[in-house]
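Q: Supplied structure: work_31.cif, mmCIF, C-alpha atoms.
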data_upload
#
loop_
_atom_site.group_PDB
_atom_site.id
_atom_site.type_symbol
_atom_site.label_atom_id
_atom_site.label_comp_id
_atom_site.auth_asym_id
_atom_site.auth_seq_id
_atom_site.Cartn_x
_atom_site.Cartn_y
_atom_site.Cartn_z
ATOM 1 C CA GLN A 1 -56.659 -25.871 37.186
ATOM 2 C CA LEU A 2 -53.251 -25.515 38.773
ATOM 3 C CA GLU A 3 -53.356 -25.831 42.553
ATOM 4 C CA LEU A 4 -50.745 -26.006 45.303
ATOM 5 C CA VAL A 5 -51.602 -27.117 48.818
ATOM 6 C CA GLU A 6 -49.146 -26.810 51.694
ATOM 7 C CA SER A 7 -49.308 -28.892 54.845
ATOM 8 C CA GLY A 8 -47.128 -29.906 57.753
ATOM 9 C CA GLY A 9 -46.927 -26.679 59.685
ATOM 10 C CA GLY A 10 -47.512 -26.451 63.401
ATOM 11 C CA LEU A 11 -46.079 -25.573 66.764
ATOM 12 C CA VAL A 12 -42.611 -26.871 67.555
ATOM 13 C CA GLN A 13 -40.041 -26.163 70.237
ATOM 14 C CA PRO A 14 -36.704 -24.571 69.383
ATOM 15 C CA GLY A 15 -34.336 -27.193 68.074
ATOM 16 C CA GLY A 16 -37.173 -29.304 66.750
ATOM 17 C CA SER A 17 -38.048 -30.361 63.225
ATOM 18 C CA LEU A 18 -40.938 -30.129 60.816
ATOM 19 C CA ARG A 19 -41.453 -31.316 57.271
ATOM 20 C CA LEU A 20 -43.604 -29.171 55.045
ATOM 21 C CA SER A 21 -45.299 -30.647 51.995
ATOM 22 C CA CYS A 22 -46.466 -28.911 48.848
ATOM 23 C CA ALA A 23 -48.834 -31.092 46.849
ATOM 24 C CA ALA A 24 -49.675 -30.129 43.297
ATOM 25 C CA SER A 25 -52.782 -30.874 41.289
ATOM 26 C CA GLY A 26 -53.640 -29.967 37.749
ATOM 27 C CA PHE A 27 -50.030 -30.019 36.605
ATOM 28 C CA THR A 28 -46.808 -31.992 36.903
ATOM 29 C CA LEU A 29 -44.552 -30.458 39.525
ATOM 30 C CA ASN A 30 -41.461 -31.908 37.912
ATOM 31 C CA ASP A 31 -41.928 -29.531 34.974
ATOM 32 C CA TYR A 32 -41.824 -26.494 37.235
ATOM 33 C CA ALA A 33 -39.331 -24.652 39.363
ATOM 34 C CA ILE A 34 -40.553 -24.676 42.957
ATOM 35 C CA GLY A 35 -39.936 -22.228 45.718
ATOM 36 C CA TRP A 36 -40.609 -22.094 49.422
ATOM 37 C CA PHE A 37 -41.175 -18.628 50.837
ATOM 38 C CA ARG A 38 -42.058 -17.359 54.271
ATOM 39 C CA GLN A 39 -43.494 -14.211 55.721
ATOM 40 C CA ALA A 40 -43.581 -13.209 59.349
ATOM 41 C CA PRO A 41 -45.862 -10.444 60.664
ATOM 42 C CA GLY A 42 -44.418 -7.047 59.863
ATOM 43 C CA LYS A 43 -41.682 -8.479 57.682
ATOM 44 C CA GLU A 44 -41.163 -8.824 53.956
ATOM 45 C CA ARG A 45 -41.624 -12.140 52.220
ATOM 46 C CA GLU A 46 -38.388 -14.115 52.088
ATOM 47 C CA GLY A 47 -37.326 -16.750 49.600
ATOM 48 C CA VAL A 48 -36.264 -19.653 51.812
ATOM 49 C CA SER A 49 -35.377 -22.304 49.250
ATOM 50 C CA CYS A 50 -35.888 -22.916 45.554
ATOM 51 C CA ILE A 51 -35.325 -25.889 43.269
ATOM 52 C CA SER A 52 -35.066 -25.838 39.510
ATOM 53 C CA SER A 53 -37.156 -28.090 37.316
ATOM 54 C CA SER A 54 -34.653 -29.544 34.894
ATOM 55 C CA ASP A 55 -31.683 -30.531 37.024
ATOM 56 C CA SER A 56 -32.987 -29.973 40.548
ATOM 57 C CA ARG A 57 -30.364 -27.402 41.424
ATOM 58 C CA THR A 58 -31.152 -25.899 44.788
ATOM 59 C CA TYR A 59 -30.783 -22.592 46.570
ATOM 60 C CA TYR A 60 -31.068 -21.802 50.257
ATOM 61 C CA ALA A 61 -31.213 -18.485 51.990
ATOM 62 C CA ASP A 62 -28.271 -17.948 54.331
ATOM 63 C CA SER A 63 -30.657 -17.919 57.270
ATOM 64 C CA VAL A 64 -31.623 -21.572 56.681
ATOM 65 C CA LYS A 65 -28.565 -23.038 54.984
ATOM 66 C CA GLY A 66 -27.480 -26.265 56.653
ATOM 67 C CA ARG A 67 -30.810 -26.631 58.482
ATOM 68 C CA PHE A 68 -33.426 -26.846 55.710
ATOM 69 C CA THR A 69 -33.563 -29.250 52.764
ATOM 70 C CA ILE A 70 -35.821 -29.002 49.725
ATOM 71 C CA SER A 71 -36.667 -32.143 47.780
ATOM 72 C CA ARG A 72 -39.082 -33.549 45.229
ATOM 73 C CA ASP A 73 -41.100 -36.749 45.123
ATOM 74 C CA ASN A 74 -42.193 -36.943 41.510
ATOM 75 C CA ALA A 75 -44.313 -40.032 42.071
ATOM 76 C CA LYS A 76 -46.372 -38.106 44.628
ATOM 77 C CA ASN A 77 -46.212 -34.834 42.683
ATOM 78 C CA THR A 78 -45.067 -33.232 45.911
ATOM 79 C CA VAL A 79 -42.195 -31.048 47.055
ATOM 80 C CA PHE A 80 -40.973 -31.097 50.631
ATOM 81 C CA LEU A 81 -39.127 -28.731 52.893
ATOM 82 C CA GLN A 82 -37.413 -30.525 55.749
ATOM 83 C CA MET A 83 -36.708 -28.055 58.523
ATOM 84 C CA ASN A 84 -34.328 -29.027 61.302
ATOM 85 C CA SER A 85 -32.851 -27.158 64.243
ATOM 86 C CA LEU A 86 -35.720 -24.703 64.143
ATOM 87 C CA LYS A 87 -35.296 -21.310 65.741
ATOM 88 C CA HIS A 88 -37.723 -18.697 67.031
ATOM 89 C CA GLU A 89 -36.919 -16.573 63.987
ATOM 90 C CA ASP A 90 -38.205 -19.310 61.680
ATOM 91 C CA THR A 91 -41.727 -18.537 62.856
ATOM 92 C CA ALA A 92 -43.737 -17.456 59.826
ATOM 93 C CA ALA A 93 -46.366 -18.449 57.318
ATOM 94 C CA TYR A 94 -44.716 -20.671 54.723
ATOM 95 C CA TYR A 95 -45.835 -20.748 51.117
ATOM 96 C CA CYS A 96 -44.854 -22.871 48.164
ATOM 97 C CA ALA A 97 -44.875 -21.503 44.645
ATOM 98 C CA ALA A 98 -44.392 -22.864 41.146
ATOM 99 C CA ASP A 99 -43.440 -21.486 37.757
ATOM 100 C CA ARG A 100 -42.038 -22.685 34.447
ATOM 101 C CA ARG A 101 -41.564 -19.424 32.581
ATOM 102 C CA TYR A 102 -37.935 -18.856 33.520
ATOM 103 C CA MET A 103 -36.305 -22.163 32.748
ATOM 104 C CA GLY A 104 -32.884 -20.632 32.139
ATOM 105 C CA LEU A 105 -32.640 -18.879 35.460
ATOM 106 C CA SER A 106 -30.931 -20.263 38.525
ATOM 107 C CA PRO A 107 -32.996 -21.209 41.549
ATOM 108 C CA GLN A 108 -31.158 -18.455 43.422
ATOM 109 C CA ALA A 109 -32.346 -15.836 40.948
ATOM 110 C CA MET A 110 -35.895 -17.147 41.071
ATOM 111 C CA CYS A 111 -35.915 -17.121 44.850
ATOM 112 C CA ILE A 112 -34.416 -13.661 45.221
ATOM 113 C CA MET A 113 -36.594 -12.099 42.530
ATOM 114 C CA THR A 114 -39.693 -14.103 43.565
ATOM 115 C CA LEU A 115 -40.355 -15.150 39.988
ATOM 116 C CA PHE A 116 -43.296 -17.399 40.677
ATOM 117 C CA GLY A 117 -46.785 -17.094 39.303
ATOM 118 C CA SER A 118 -48.683 -19.809 41.179
ATOM 119 C CA TRP A 119 -48.934 -19.868 44.965
ATOM 120 C CA GLY A 120 -50.422 -22.013 47.650
ATOM 121 C CA GLN A 121 -52.447 -20.750 50.603
ATOM 122 C CA GLY A 122 -49.673 -21.240 53.125
ATOM 123 C CA THR A 123 -49.085 -23.147 56.339
ATOM 124 C CA GLN A 124 -48.145 -21.618 59.671
ATOM 125 C CA VAL A 125 -44.939 -22.586 61.454
ATOM 126 C CA THR A 126 -44.530 -21.428 65.038
ATOM 127 C CA VAL A 127 -41.330 -22.079 66.939
ATOM 128 C CA SER A 128 -41.850 -21.498 70.628
ATOM 129 C CA SER A 129 -41.010 -23.014 73.963
#
How would this structure read if it were set down as structure tokens?

A:
Amino acid sequence: QLELVESGGGLVQPGGSLRLSCAASGFTLNDYAIGWFRQAPGKEREGVSCISSSDSRTYYADSVKGRFTISRDNAKNTVFLQMNSLKHEDTAAYYCAADRRYMGLSPQAMCIMTLFGSWGQGTQVTVSS
């Protein structure tokens, strides 16, 4: 059974950093495109960053570009989201997602259209002083 488990969220002051992890079981993450999404109360879900499976092309939303970095550790079957220079507006529940049905699409397209079929339960990130 395919499962994704996020971890690494928490409370951090503005300007601080967190690293989120998305650990997969039941499948090999390297065969899947992976996305990180977030949703704040009262707001729509936003595609934060996505990475393709074949060539690890990446996409970042403008709101996080230059501050967040998505990466894979194939040996650990885990994808990370390094978040630096965190802002109040980064506060949200963060979810990772996986899919391998759209191999020809760019990570940008997958992020914007939320083309992911498997989702984790999420981890909360709160940026507050």

Q: Please compute the CA of Ile70 (chain A)-CA of Pro41 (chain A) distance, one decimal, in Å.

A: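 Taking CA of Ile70 (chain A) as the start and CA of Pro41 (chain A) as the end point, the length is 23.8 Å.
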
Q: Which is closer to Ala98 (chain A) than all the others in A:Leu20, A:Val12, A:Leu115, A:Ala40, using only C-alpha atoms?

A: A:Leu115

Q: Here is a test: counting only C-alpha atoms, which residue of A:Phe68, A:Tyr32, A:Tyr60, A:Trp119 is nearest to Gly47 (chain A)?

A: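 The closest residue to Gly47 (chain A) is A:Tyr60.
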
Q: Under the rule that all atoms listed in the file are counted, which of A:Ala97, A:Ser49, A:Ala109, A:Ser128 is the nearest residue to Thr78 (chain A)?

A: A:Ala97

Q: Return as a PyMOL selection string the set of residues that the PyMOL selection byres ((chain A and resi 82) around 7) yields on the displayed structure.

A: chain A and resi 18-20+68-70+80-81+83-84

Q: Just give me the residues with any atom within 12 Å of (-31.9, -19.7, 54.6), file coordinates, counting all atoms listed in the file, written as a ChimeraX atom specification.

A: /A:36-38,46-50,58-70,81,83-84,86-87,89-90,108,111-112

Q: Enter the distance from CA of Ser25 (chain A) to CA of Thr126 (chain A), in Å, rounded to one decimal.

A: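 If I compute the distance from CA of Ser25 (chain A) to CA of Thr126 (chain A), I get 26.9 Å.
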
Q: Could you jot down the CA of Pro107 (chain A) to CA of Asp55 (chain A) separation for me, Å, one decimal place?

A: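 Separation between CA of Pro107 (chain A) and CA of Asp55 (chain A): 10.4 Å.
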
Q: Could you list, as a ChimeraX atom specification, every residue within 7 Å of Ala93 (chain A), counting only C-alpha atoms and ignoring same-chain residues fewer than 6 positions away?

A: /A:38-40,122-125

Q: Please expand the PyMOL selection byres ((chain A and resi 4) around 8) into the concrete residues it hits in this file, giving the result as an MDAnalysis selection string.

A: chainID A and resid 2:3 5:6 22:25 96:97 118:121

Q: Quick one: residues within 6 Å of Val79 (chain A), only C-alpha atoms, excluding same-chain residues fewer than 5 positions away - as a PyMOL selection string?

A: chain A and resi 21-22+71-72

Q: With all atoms listed in the file as the atoms that count, which of A:Ser7, A:Ser54, A:Asn77, A:Gly15 lies nearest to Thr28 (chain A)?

A: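 For Thr28 (chain A), the nearest of the given residues is A:Asn77.
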